$ cat model-v3.cif   # mmCIF, C-alpha atoms
data_final
loop_
_atom_site.group_PDB
_atom_site.id
_atom_site.type_symbol
_atom_site.label_atom_id
_atom_site.label_comp_id
_atom_site.auth_asym_id
_atom_site.auth_seq_id
_atom_site.Cartn_x
_atom_site.Cartn_y
_atom_site.Cartn_z
ATOM 1 C CA MET W 453 0.000 0.000 0.000
ATOM 2 C CA LEU W 454 2.806 2.382 0.809
ATOM 3 C CA SER W 455 4.860 1.808 -2.309
ATOM 4 C CA GLU W 456 3.672 3.552 -5.426
ATOM 5 C CA PRO W 457 2.155 0.943 -7.758
ATOM 6 C CA ARG W 458 3.757 0.604 -11.153
ATOM 7 C CA SER W 459 0.336 1.146 -12.696
ATOM 8 C CA GLY W 460 0.200 4.500 -10.895
ATOM 9 C CA ARG W 461 3.496 5.631 -12.359
ATOM 10 C CA LEU W 462 2.522 4.475 -15.847
ATOM 11 C CA ALA W 463 -0.857 6.199 -15.708
ATOM 12 C CA ALA W 464 0.367 9.438 -14.136
ATOM 13 C CA TRP W 465 3.370 10.003 -16.383
ATOM 14 C CA GLY W 466 1.617 8.541 -19.405
ATOM 15 C CA ASN W 467 -1.171 11.075 -18.922
ATOM 16 C CA ALA W 468 1.359 13.891 -18.592
ATOM 17 C CA LEU W 469 3.007 12.760 -21.833
ATOM 18 C CA LEU W 470 -0.276 12.423 -23.717
ATOM 19 C CA ALA W 471 -1.235 15.939 -22.635
ATOM 20 C CA GLY W 472 2.119 17.399 -23.633
ATOM 21 C CA PHE W 473 3.349 18.286 -20.129
ATOM 22 C CA VAL W 474 6.515 16.141 -20.294
ATOM 23 C CA SER W 475 8.829 14.717 -22.930
ATOM 24 C CA PRO W 476 8.849 11.009 -23.830
ATOM 25 C CA ASP W 477 12.291 10.581 -22.244
ATOM 26 C CA ASP W 478 11.191 12.159 -18.953
ATOM 27 C CA ALA W 479 7.991 10.104 -18.877
ATOM 28 C CA VAL W 480 9.777 6.811 -19.498
ATOM 29 C CA LEU W 481 12.456 7.601 -16.903
ATOM 30 C CA ALA W 482 9.790 8.279 -14.275
ATOM 31 C CA ILE W 483 7.726 5.207 -15.173
ATOM 32 C CA VAL W 484 10.659 2.793 -15.068
ATOM 33 C CA GLY W 485 11.908 4.201 -11.754
ATOM 34 C CA GLU W 486 14.298 1.757 -10.085
ATOM 35 C CA ASP W 487 13.427 -1.104 -12.444
ATOM 36 C CA ALA W 488 15.881 -2.079 -15.179
ATOM 37 C CA VAL W 489 13.517 -1.998 -18.144
ATOM 38 C CA HIS W 490 9.812 -1.994 -19.062
ATOM 39 C CA ARG W 491 8.392 -3.486 -22.246
ATOM 40 C CA VAL W 492 4.869 -3.748 -23.640
ATOM 41 C CA GLU W 493 3.667 -6.948 -25.296
ATOM 42 C CA GLY W 494 0.573 -7.562 -27.408
ATOM 43 C CA LEU W 495 -0.046 -4.044 -28.697
ATOM 44 C CA PRO W 496 -2.126 -3.938 -31.896
ATOM 45 C CA GLY W 497 0.166 -3.384 -34.840
ATOM 46 C CA GLU W 498 3.283 -4.682 -33.091
ATOM 47 C CA ALA W 499 4.623 -8.182 -33.738
ATOM 48 C CA GLY W 500 6.461 -8.491 -30.427
ATOM 49 C CA PRO W 501 7.394 -6.662 -27.240
ATOM 50 C CA VAL W 502 8.347 -2.994 -27.641
ATOM 51 C CA GLY W 503 9.911 -0.381 -25.403
ATOM 52 C CA LEU W 504 7.851 2.138 -23.460
ATOM 53 C CA THR W 505 8.593 5.073 -25.737
ATOM 54 C CA LEU W 506 7.323 3.241 -28.807
ATOM 55 C CA ALA W 507 4.415 1.752 -26.835
ATOM 56 C CA LEU W 508 3.174 5.124 -25.597
ATOM 57 C CA GLY W 509 3.403 6.510 -29.120
ATOM 58 C CA ARG W 510 1.483 3.509 -30.445
ATOM 59 C CA LEU W 511 -1.242 3.993 -27.824
ATOM 60 C CA ARG W 512 -1.617 7.630 -28.873
ATOM 61 C CA ALA W 513 -1.923 6.535 -32.516
ATOM 62 C CA LEU W 514 -4.611 4.029 -31.502
ATOM 63 C CA GLY W 515 -6.691 6.878 -30.052
ATOM 64 C CA VAL W 516 -5.751 6.669 -26.380
ATOM 65 C CA THR W 517 -6.234 10.057 -24.709
ATOM 66 C CA GLY W 518 -5.777 9.044 -21.071
ATOM 67 C CA LEU W 519 -4.856 6.250 -18.703
ATOM 68 C CA ARG W 520 -6.714 5.061 -15.609
ATOM 69 C CA VAL W 521 -5.530 2.865 -12.736
ATOM 70 C CA ALA W 522 -7.196 -0.245 -11.315
ATOM 71 C CA LEU W 523 -6.129 -1.711 -7.937
ATOM 72 C CA PRO W 524 -8.360 -4.773 -7.533
ATOM 73 C CA ALA W 525 -8.382 -7.144 -4.568
ATOM 74 C CA PRO W 526 -10.347 -10.359 -3.938
ATOM 75 C CA GLY W 527 -14.016 -9.441 -3.808
ATOM 76 C CA HIS W 528 -13.311 -5.857 -4.864
ATOM 77 C CA PRO W 529 -12.755 -5.272 -8.627
ATOM 78 C CA LEU W 530 -11.703 -1.666 -8.020
ATOM 79 C CA GLY W 531 -11.269 0.246 -11.271
ATOM 80 C CA LEU W 532 -12.090 -2.691 -13.554
ATOM 81 C CA SER W 533 -14.834 -2.967 -16.159
ATOM 82 C CA GLY W 534 -14.209 -6.398 -17.698
ATOM 83 C CA PRO W 535 -14.089 -8.677 -19.542
ATOM 84 C CA PRO W 536 -13.451 -11.575 -17.120
ATOM 85 C CA ASP W 537 -10.109 -12.533 -18.696
ATOM 86 C CA PHE W 538 -8.676 -9.069 -18.174
ATOM 87 C CA ASN W 539 -10.147 -8.806 -14.687
ATOM 88 C CA ALA W 540 -8.564 -12.130 -13.712
ATOM 89 C CA ARG W 541 -5.129 -11.047 -14.947
ATOM 90 C CA ALA W 542 -5.441 -7.709 -13.177
ATOM 91 C CA LEU W 543 -6.573 -9.339 -9.938
ATOM 92 C CA ASP W 544 -3.616 -11.706 -10.053
ATOM 93 C CA ALA W 545 -1.232 -8.747 -10.492
ATOM 94 C CA GLU W 546 -3.264 -6.607 -8.027
ATOM 95 C CA GLU W 547 -3.061 -3.697 -10.460
ATOM 96 C CA ALA W 548 -3.649 -2.644 -14.055
ATOM 97 C CA VAL W 549 -3.898 0.357 -16.355
ATOM 98 C CA VAL W 550 -7.036 0.884 -18.443
ATOM 99 C CA CYS W 551 -6.853 3.054 -21.549
ATOM 100 C CA HIS W 552 -9.349 5.836 -22.213
ATOM 101 C CA GLY W 553 -10.144 6.255 -25.905
ATOM 102 C CA ALA W 554 -9.315 2.681 -26.956
ATOM 103 C CA ALA W 555 -10.565 -0.641 -25.594
ATOM 104 C CA LEU W 556 -7.194 -1.743 -24.223
ATOM 105 C CA GLY W 557 -5.737 -2.471 -20.812
ATOM 106 C CA LEU W 558 -2.222 -3.143 -19.551
ATOM 107 C CA VAL W 559 -1.307 -5.631 -16.819
ATOM 108 C CA PRO W 560 2.258 -5.804 -15.466
ATOM 109 C CA GLU W 561 4.244 -8.993 -15.050
ATOM 110 C CA VAL W 562 7.381 -8.549 -12.948
ATOM 111 C CA TYR W 563 10.547 -10.617 -13.365
ATOM 112 C CA GLU W 564 13.811 -10.760 -11.485
ATOM 113 C CA ALA W 565 16.853 -11.394 -13.651
ATOM 114 C CA GLY W 566 20.620 -11.511 -13.267
ATOM 115 C CA PRO W 567 23.131 -13.393 -11.113
ATOM 116 C CA ALA W 568 23.039 -13.494 -7.321
ATOM 117 C CA GLY W 569 24.150 -10.178 -5.912
ATOM 118 C CA ASP W 570 23.284 -8.348 -9.114
ATOM 119 C CA VAL W 571 19.575 -9.048 -9.512
ATOM 120 C CA HIS W 572 17.526 -6.485 -11.416
ATOM 121 C CA VAL W 573 13.815 -6.140 -12.100
ATOM 122 C CA GLU W 574 12.238 -6.259 -15.541
ATOM 123 C CA VAL W 575 8.572 -5.555 -16.242
ATOM 124 C CA VAL W 576 6.458 -6.722 -19.168
ATOM 125 C CA TRP W 577 3.105 -4.997 -19.602
ATOM 126 C CA HIS W 578 0.609 -7.291 -21.323
ATOM 127 C CA SER W 579 -1.821 -5.437 -23.582
ATOM 128 C CA LEU W 580 -5.289 -6.999 -23.523
ATOM 129 C CA PRO W 581 -8.774 -6.028 -24.724
ATOM 130 C CA VAL W 582 -11.084 -4.414 -22.164
ATOM 131 C CA ARG W 583 -14.755 -3.577 -22.021
ATOM 132 C CA GLU W 584 -15.518 0.119 -22.501
ATOM 133 C CA ALA W 585 -17.646 0.808 -19.436
ATOM 134 C CA PRO W 586 -17.418 2.894 -16.247
ATOM 135 C CA PRO W 587 -14.755 1.543 -13.847
ATOM 136 C CA ALA W 588 -16.019 -0.239 -10.736
ATOM 137 C CA ASP W 589 -16.294 1.557 -7.376
ATOM 138 C CA VAL W 590 -14.074 4.570 -8.089
ATOM 139 C CA PRO W 591 -15.089 7.623 -6.002
ATOM 140 C CA SER W 592 -14.676 11.264 -6.919
ATOM 141 C CA LEU W 593 -11.757 13.135 -5.382
ATOM 142 C CA GLY W 594 -14.129 14.908 -2.998
ATOM 143 C CA GLU W 595 -15.681 11.646 -1.847
ATOM 144 C CA ALA W 596 -12.275 10.046 -1.461
ATOM 145 C CA GLU W 597 -10.965 12.916 0.650
ATOM 146 C CA ARG W 598 -13.936 12.783 3.016
ATOM 147 C CA GLU W 599 -13.763 8.996 3.332
ATOM 148 C CA LEU W 600 -10.020 9.115 3.995
ATOM 149 C CA ALA W 601 -10.335 11.609 6.832
ATOM 150 C CA GLU W 602 -12.732 9.246 8.587
ATOM 151 C CA ALA W 603 -10.603 6.204 7.725
ATOM 152 C CA LEU W 604 -7.530 7.855 9.225
ATOM 153 C CA ARG W 605 -9.360 8.413 12.504
ATOM 154 C CA GLU W 606 -10.599 4.817 12.501
ATOM 155 C CA ALA W 607 -7.162 3.369 11.749
ATOM 156 C CA THR W 608 -5.523 5.440 14.493
ATOM 157 C CA ASP W 609 -8.180 4.356 16.974
ATOM 158 C CA VAL W 610 -7.803 0.668 16.090
ATOM 159 C CA LEU W 611 -4.020 0.817 16.378
ATOM 160 C CA SER W 612 -4.208 2.570 19.726
ATOM 161 C CA ARG W 613 -6.768 0.159 21.190
ATOM 162 C CA LEU W 614 -4.844 -2.914 20.074
ATOM 163 C CA ASP W 615 -1.434 -1.483 20.987
ATOM 164 C CA VAL W 616 0.205 -1.996 17.598
ATOM 165 C CA ALA W 617 1.331 1.589 17.074
ATOM 166 C CA GLY W 618 4.186 1.409 19.546
ATOM 167 C CA SER W 619 7.724 2.619 19.079
ATOM 168 C CA GLY W 620 9.372 -0.650 18.071
ATOM 169 C CA PRO W 621 12.025 -0.707 15.344
ATOM 170 C CA VAL W 622 9.648 -1.919 12.612
ATOM 171 C CA SER W 623 7.160 0.809 13.439
ATOM 172 C CA GLU W 624 9.878 3.452 13.519
ATOM 173 C CA ALA W 625 11.234 2.274 10.169
ATOM 174 C CA ALA W 626 7.759 2.514 8.632
ATOM 175 C CA VAL W 627 7.301 6.040 9.927
ATOM 176 C CA ASP W 628 10.743 7.048 8.618
ATOM 177 C CA ALA W 629 9.894 5.588 5.208
ATOM 178 C CA TYR W 630 6.674 7.577 5.073
ATOM 179 C CA ARG W 631 8.404 10.784 6.089
ATOM 180 C CA ALA W 632 11.012 10.292 3.381
ATOM 181 C CA ARG W 633 8.265 9.746 0.838
ATOM 182 C CA ALA W 634 6.320 12.764 2.052
ATOM 183 C CA GLU W 635 9.346 14.951 1.378
ATOM 184 C CA ARG W 636 9.086 14.091 -2.289
ATOM 185 C CA GLY W 637 5.315 13.639 -2.281
ATOM 186 C CA ARG W 638 4.688 16.048 -5.119
ATOM 187 C CA GLU W 639 6.909 13.984 -7.383
ATOM 188 C CA VAL W 640 4.496 11.055 -7.077
ATOM 189 C CA LEU W 641 1.906 12.515 -9.424
ATOM 190 C CA ALA W 642 3.160 13.904 -12.703
ATOM 191 C CA PRO W 643 2.835 17.489 -13.973
ATOM 192 C CA GLY W 644 -0.703 18.483 -14.876
ATOM 193 C CA TYR W 645 -2.473 16.781 -11.977
ATOM 194 C CA PRO W 646 -4.723 18.953 -9.789
ATOM 195 C CA PRO W 647 -3.373 19.807 -6.311
ATOM 196 C CA ARG W 648 -6.334 18.040 -4.704
ATOM 197 C CA ALA W 649 -5.285 14.759 -6.327
ATOM 198 C CA VAL W 650 -1.803 15.140 -4.818
ATOM 199 C CA ARG W 651 -3.353 15.821 -1.413
ATOM 200 C CA VAL W 652 -5.655 12.794 -1.629
ATOM 201 C CA LEU W 653 -2.826 10.496 -2.701
ATOM 202 C CA GLU W 654 -0.597 11.683 0.144
ATOM 203 C CA LEU W 655 -3.393 11.086 2.662
ATOM 204 C CA ALA W 656 -4.066 7.636 1.195
ATOM 205 C CA GLN W 657 -0.393 6.807 1.661
ATOM 206 C CA ARG W 658 -0.548 7.993 5.266
ATOM 207 C CA VAL W 659 -3.492 5.691 5.927
ATOM 208 C CA GLY W 660 -1.577 2.924 4.172
ATOM 209 C CA LEU W 661 1.343 3.542 6.508
ATOM 210 C CA LEU W 662 -0.817 2.930 9.550
ATOM 211 C CA ILE W 663 -2.220 -0.248 8.037
ATOM 212 C CA SER W 664 1.283 -1.494 7.219
ATOM 213 C CA VAL W 665 2.426 -0.793 10.774
ATOM 214 C CA ALA W 666 -0.534 -2.783 12.060
ATOM 215 C CA TYR W 667 0.200 -5.815 9.912
ATOM 216 C CA GLU W 668 3.996 -5.745 9.966
ATOM 217 C CA ASN W 669 4.626 -4.877 13.607
ATOM 218 C CA GLY W 670 3.734 -8.274 15.015
ATOM 219 C CA HIS W 671 0.607 -8.734 17.073
ATOM 220 C CA GLY W 672 1.191 -5.878 19.495
ATOM 221 C CA GLY W 673 -1.362 -6.003 22.252
ATOM 222 C CA ALA W 674 -3.705 -8.207 20.203
ATOM 223 C CA VAL W 675 -2.549 -11.390 21.899
ATOM 224 C CA SER W 676 -5.627 -13.580 21.484
ATOM 225 C CA ALA W 677 -6.969 -15.018 18.244
ATOM 226 C CA SER W 678 -10.206 -13.086 18.694
ATOM 227 C CA GLU W 679 -8.329 -9.814 19.182
ATOM 228 C CA MET W 680 -6.196 -10.429 16.088
ATOM 229 C CA ALA W 681 -9.320 -11.247 14.078
ATOM 230 C CA ALA W 682 -10.973 -8.078 15.385
ATOM 231 C CA ARG W 683 -7.984 -6.010 14.294
ATOM 232 C CA THR W 684 -8.021 -7.516 10.809
ATOM 233 C CA GLU W 685 -11.765 -6.996 10.501
ATOM 234 C CA ALA W 686 -11.500 -3.384 11.690
ATOM 235 C CA LEU W 687 -8.667 -2.508 9.310
ATOM 236 C CA ARG W 688 -10.081 -4.193 6.199
ATOM 237 C CA PRO W 689 -12.549 -1.388 5.326
ATOM 238 C CA VAL W 690 -9.866 1.204 6.090
ATOM 239 C CA GLU W 691 -7.494 -0.449 3.629
ATOM 240 C CA ARG W 692 -10.301 -0.603 1.059
ATOM 241 C CA THR W 693 -10.951 3.127 1.485
ATOM 242 C CA ALA W 694 -7.268 3.929 1.014
ATOM 243 C CA ARG W 695 -7.088 1.894 -2.208
ATOM 244 C CA ARG W 696 -10.209 3.607 -3.554
ATOM 245 C CA ALA W 697 -8.640 6.981 -2.820
ATOM 246 C CA GLN W 698 -5.410 6.027 -4.569
ATOM 247 C CA VAL W 699 -7.336 5.113 -7.700
ATOM 248 C CA ALA W 700 -9.361 8.332 -7.529
ATOM 249 C CA ALA W 701 -6.156 10.373 -7.305
ATOM 250 C CA TYR W 702 -4.442 8.667 -10.240
ATOM 251 C CA ASN W 703 -7.605 8.827 -12.344
ATOM 252 C CA ALA W 704 -8.282 12.506 -11.617
ATOM 253 C CA PHE W 705 -6.438 13.588 -14.770
ATOM 254 C CA VAL W 706 -8.794 11.643 -17.046
ATOM 255 C CA GLU W 707 -11.883 12.526 -14.989
ATOM 256 C CA GLU W 708 -11.152 16.256 -15.325
ATOM 257 C CA ARG W 709 -10.612 15.899 -19.055
ATOM 258 C CA GLU W 710 -13.962 14.103 -19.397
ATOM 259 C CA ARG W 711 -15.694 16.952 -17.545
ATOM 260 C CA GLY W 712 -14.056 19.486 -19.846
ATOM 261 C CA VAL W 713 -11.885 21.017 -17.138
ATOM 262 C CA ARG W 714 -8.771 20.632 -19.320
#
$ encode --input "model-v3.cif" --output "structure tokens"
Amino acid sequence: MLSEPRSGRLAAWGNALLAGFVSPDDAVLAIVGEDAVHRVEGLPGEAGPVGLTLALGRLRALGVTGLRVALPAPGHPLGLSGPPDFNARALDAEEAVVCHGAALGLVPEVYEAGPAGDVHVEVVWHSLPVREAPPADVPSLGEAERELAEALREATDVLSRLDVAGSGPVSEAAVDAYRARAERGREVLAPGYPPRAVRVLELAQRVGLLISVAYENGHGGAVSASEMAARTEALRPVERTARRAQVAAYNAFVEERERGVR
């Protein structure tokens, strides 16, 4: 939850490129991040895998005007619109990008390559047909912001009651990681995104931090099976709210364009 999904980077910087806010080189550099290389496989008109620069140009030629994010989880097809084959691939990867303007979607497959001690990450995005329909369960930015404020209070309360927000080394490391990310928070979303989307994404990451602390910091004060089950049950809707907000933030660029704001 804390780490920026690859689909988020692809959608955000792909949108900035499609709108002319960044150059292809800058967009690809931001999308690849710390990975070694990204390729796209299965694009119409291409016989084999192609690099991101060519792939983004091909998508533009196919009529794509924007990119949306999907972050599905079991029982929650967040951001998806079908068909079942695409939904299944996206659910397995826990993320996907859905094109606006062409019935295509992209699902990442991540590989580790190289000898021990020098392992690097390669990503292949599989291009698949999608159903052109409204994405599932994506709130507006305003709705997401209101839901997140309440979710943050709930998460803090749950952590305090179950004594999992202590000052142990894992908890401290999580807080430090969030603070480091917050310092560069405005680099998460690409140029052209509305300030409210940046604010919502940062708040979603803060909620995600608390959830990660709860799950990664042992059992804390939740020593019985019933208490651990209660913690999981209490945090599940909070995590769902944070994922919905992430998707709303990444998709804000396309939503504004549809409303004629851009």
$ atom_distance --input "model-v3.cif" --atom1 "atom CA of Ala554 of chain W" --atom2 "atom CA of Pro646 of chain W"
24.1 Å
$ closest_residue --input "model-v3.cif" --among "W:Pro536, W:Gly553, W:Gly460, W:Asn467" --to "Ala513 of chain W" --atoms "only C-alpha atoms"
W:Gly553
$ closest_residue --input "model-v3.cif" --among "W:Val652, W:Ala596, W:Val492, W:Val699" --to "Leu532 of chain W" --atoms "all atoms listed in the file"
W:Val699
$ axis_aligned_box --input "model-v3.cif" --around "segment 581-584 of chain W" --padding-each-side "3 Å" --output "lines of an AutoDock Vina configuration file"
center_x = -12.1
center_y = -3.0
center_z = -23.4
size_x = 12.7
size_y = 12.1
size_z = 8.7
$ atom_distance --input "model-v3.cif" --atom1 "atom CA of Pro496 of chain W" --atom2 "atom CA of Asp544 of chain W"
23.2 Å
$ resolve_selection --input "model-v3.cif" --expression "the PyMOL selection byres ((chain W and resi 469) around 10)" --output "list of chain:residue names"
W:Ala463, W:Ala464, W:Trp465, W:Gly466, W:Asn467, W:Ala468, W:Leu470, W:Ala471, W:Gly472, W:Phe473, W:Val474, W:Ser475, W:Pro476, W:Asp477, W:Asp478, W:Ala479, W:Val480, W:Leu508, W:Gly509, W:Arg512, W:Gly518, W:Ala642, W:Pro643, W:Gly644
$ residues_around --input "model-v3.cif" --residues "Ala588 of chain W" --least-positions-apart "3" --cutoff "7 Å" --atoms "all atoms listed in the file" --output "PyMOL selection string"
chain W and resi 529-533
$ residues_around --input "model-v3.cif" --residues "Val562 of chain W" --least-positions-apart "6" --cutoff "9 Å" --atoms "only C-alpha atoms" --output "list in words"
Ala545, Val573, Glu574, Val575, Val576 and Trp577 of chain W
$ resolve_selection --input "model-v3.cif" --expression "the PyMOL selection byres ((chain W and resi 528) around 12)" --output "JSON, numbers by chain"
{"W": [522, 523, 524, 525, 526, 527, 529, 530, 531, 532, 533, 539, 540, 542, 543, 546, 547, 587, 588, 589, 590, 688, 689, 691, 692, 693, 695, 696]}
$ closest_residue --input "model-v3.cif" --among "W:Ala568, W:Ala585, W:Ile483, W:Val559" --to "Arg541 of chain W" --atoms "all atoms listed in the file"
W:Val559
$ atom_distance --input "model-v3.cif" --atom1 "atom CA of Val549 of chain W" --atom2 "atom CA of Val516 of chain W"
12.0 Å
$ residues_near_point --input "model-v3.cif" --point "(9.2, -2.8, -16.9)" --cutoff "12 Å" --atoms "all atoms listed in the file" --output "PDB file with C-alpha atoms, keeping the file's coordinate frame"
ATOM      1  CA  ARG W 458       3.757   0.604 -11.153  1.00  0.00           C
ATOM      2  CA  SER W 459       0.336   1.146 -12.696  1.00  0.00           C
ATOM      3  CA  ARG W 461       3.496   5.631 -12.359  1.00  0.00           C
ATOM      4  CA  LEU W 462       2.522   4.475 -15.847  1.00  0.00           C
ATOM      5  CA  VAL W 480       9.777   6.811 -19.498  1.00  0.00           C
ATOM      6  CA  LEU W 481      12.456   7.601 -16.903  1.00  0.00           C
ATOM      7  CA  ALA W 482       9.790   8.279 -14.275  1.00  0.00           C
ATOM      8  CA  ILE W 483       7.726   5.207 -15.173  1.00  0.00           C
ATOM      9  CA  VAL W 484      10.659   2.793 -15.068  1.00  0.00           C
ATOM     10  CA  GLY W 485      11.908   4.201 -11.754  1.00  0.00           C
ATOM     11  CA  GLU W 486      14.298   1.757 -10.085  1.00  0.00           C
ATOM     12  CA  ASP W 487      13.427  -1.104 -12.444  1.00  0.00           C
ATOM     13  CA  ALA W 488      15.881  -2.079 -15.179  1.00  0.00           C
ATOM     14  CA  VAL W 489      13.517  -1.998 -18.144  1.00  0.00           C
ATOM     15  CA  HIS W 490       9.812  -1.994 -19.062  1.00  0.00           C
ATOM     16  CA  ARG W 491       8.392  -3.486 -22.246  1.00  0.00           C
ATOM     17  CA  VAL W 492       4.869  -3.748 -23.640  1.00  0.00           C
ATOM     18  CA  GLU W 493       3.667  -6.948 -25.296  1.00  0.00           C
ATOM     19  CA  PRO W 501       7.394  -6.662 -27.240  1.00  0.00           C
ATOM     20  CA  VAL W 502       8.347  -2.994 -27.641  1.00  0.00           C
ATOM     21  CA  GLY W 503       9.911  -0.381 -25.403  1.00  0.00           C
ATOM     22  CA  LEU W 504       7.851   2.138 -23.460  1.00  0.00           C
ATOM     23  CA  THR W 505       8.593   5.073 -25.737  1.00  0.00           C
ATOM     24  CA  ALA W 507       4.415   1.752 -26.835  1.00  0.00           C
ATOM     25  CA  LEU W 558      -2.222  -3.143 -19.551  1.00  0.00           C
ATOM     26  CA  VAL W 559      -1.307  -5.631 -16.819  1.00  0.00           C
ATOM     27  CA  PRO W 560       2.258  -5.804 -15.466  1.00  0.00           C
ATOM     28  CA  GLU W 561       4.244  -8.993 -15.050  1.00  0.00           C
ATOM     29  CA  VAL W 562       7.381  -8.549 -12.948  1.00  0.00           C
ATOM     30  CA  TYR W 563      10.547 -10.617 -13.365  1.00  0.00           C
ATOM     31  CA  GLU W 564      13.811 -10.760 -11.485  1.00  0.00           C
ATOM     32  CA  ALA W 565      16.853 -11.394 -13.651  1.00  0.00           C
ATOM     33  CA  HIS W 572      17.526  -6.485 -11.416  1.00  0.00           C
ATOM     34  CA  VAL W 573      13.815  -6.140 -12.100  1.00  0.00           C
ATOM     35  CA  GLU W 574      12.238  -6.259 -15.541  1.00  0.00           C
ATOM     36  CA  VAL W 575       8.572  -5.555 -16.242  1.00  0.00           C
ATOM     37  CA  VAL W 576       6.458  -6.722 -19.168  1.00  0.00           C
ATOM     38  CA  TRP W 577       3.105  -4.997 -19.602  1.00  0.00           C
ATOM     39  CA  HIS W 578       0.609  -7.291 -21.323  1.00  0.00           C
TER      40      HIS W 578
END
$ closest_residue --input "model-v3.cif" --among "W:Arg709, W:Arg658, W:Arg651, W:Arg510" --to "Ala603 of chain W" --atoms "all atoms listed in the file"
W:Arg658
$ closest_atom_pairs --input "model-v3.cif" --of "segment 545-585 of chain W" --to "segment 704-708 of chain W" --cutoff "12 Å" --atoms "all atoms listed in the file" --output "Markdown table"
| residue | atom | partner | partner_atom | distance |
| --- | --- | --- | --- | --- |
| W:Val550 | CA | W:Val706 | CA | 11.0 |
| W:Cys551 | CA | W:Val706 | CA | 9.9 |
| W:His552 | CA | W:Val706 | CA | 7.8 |
| W:Gly553 | CA | W:Val706 | CA | 10.5 |
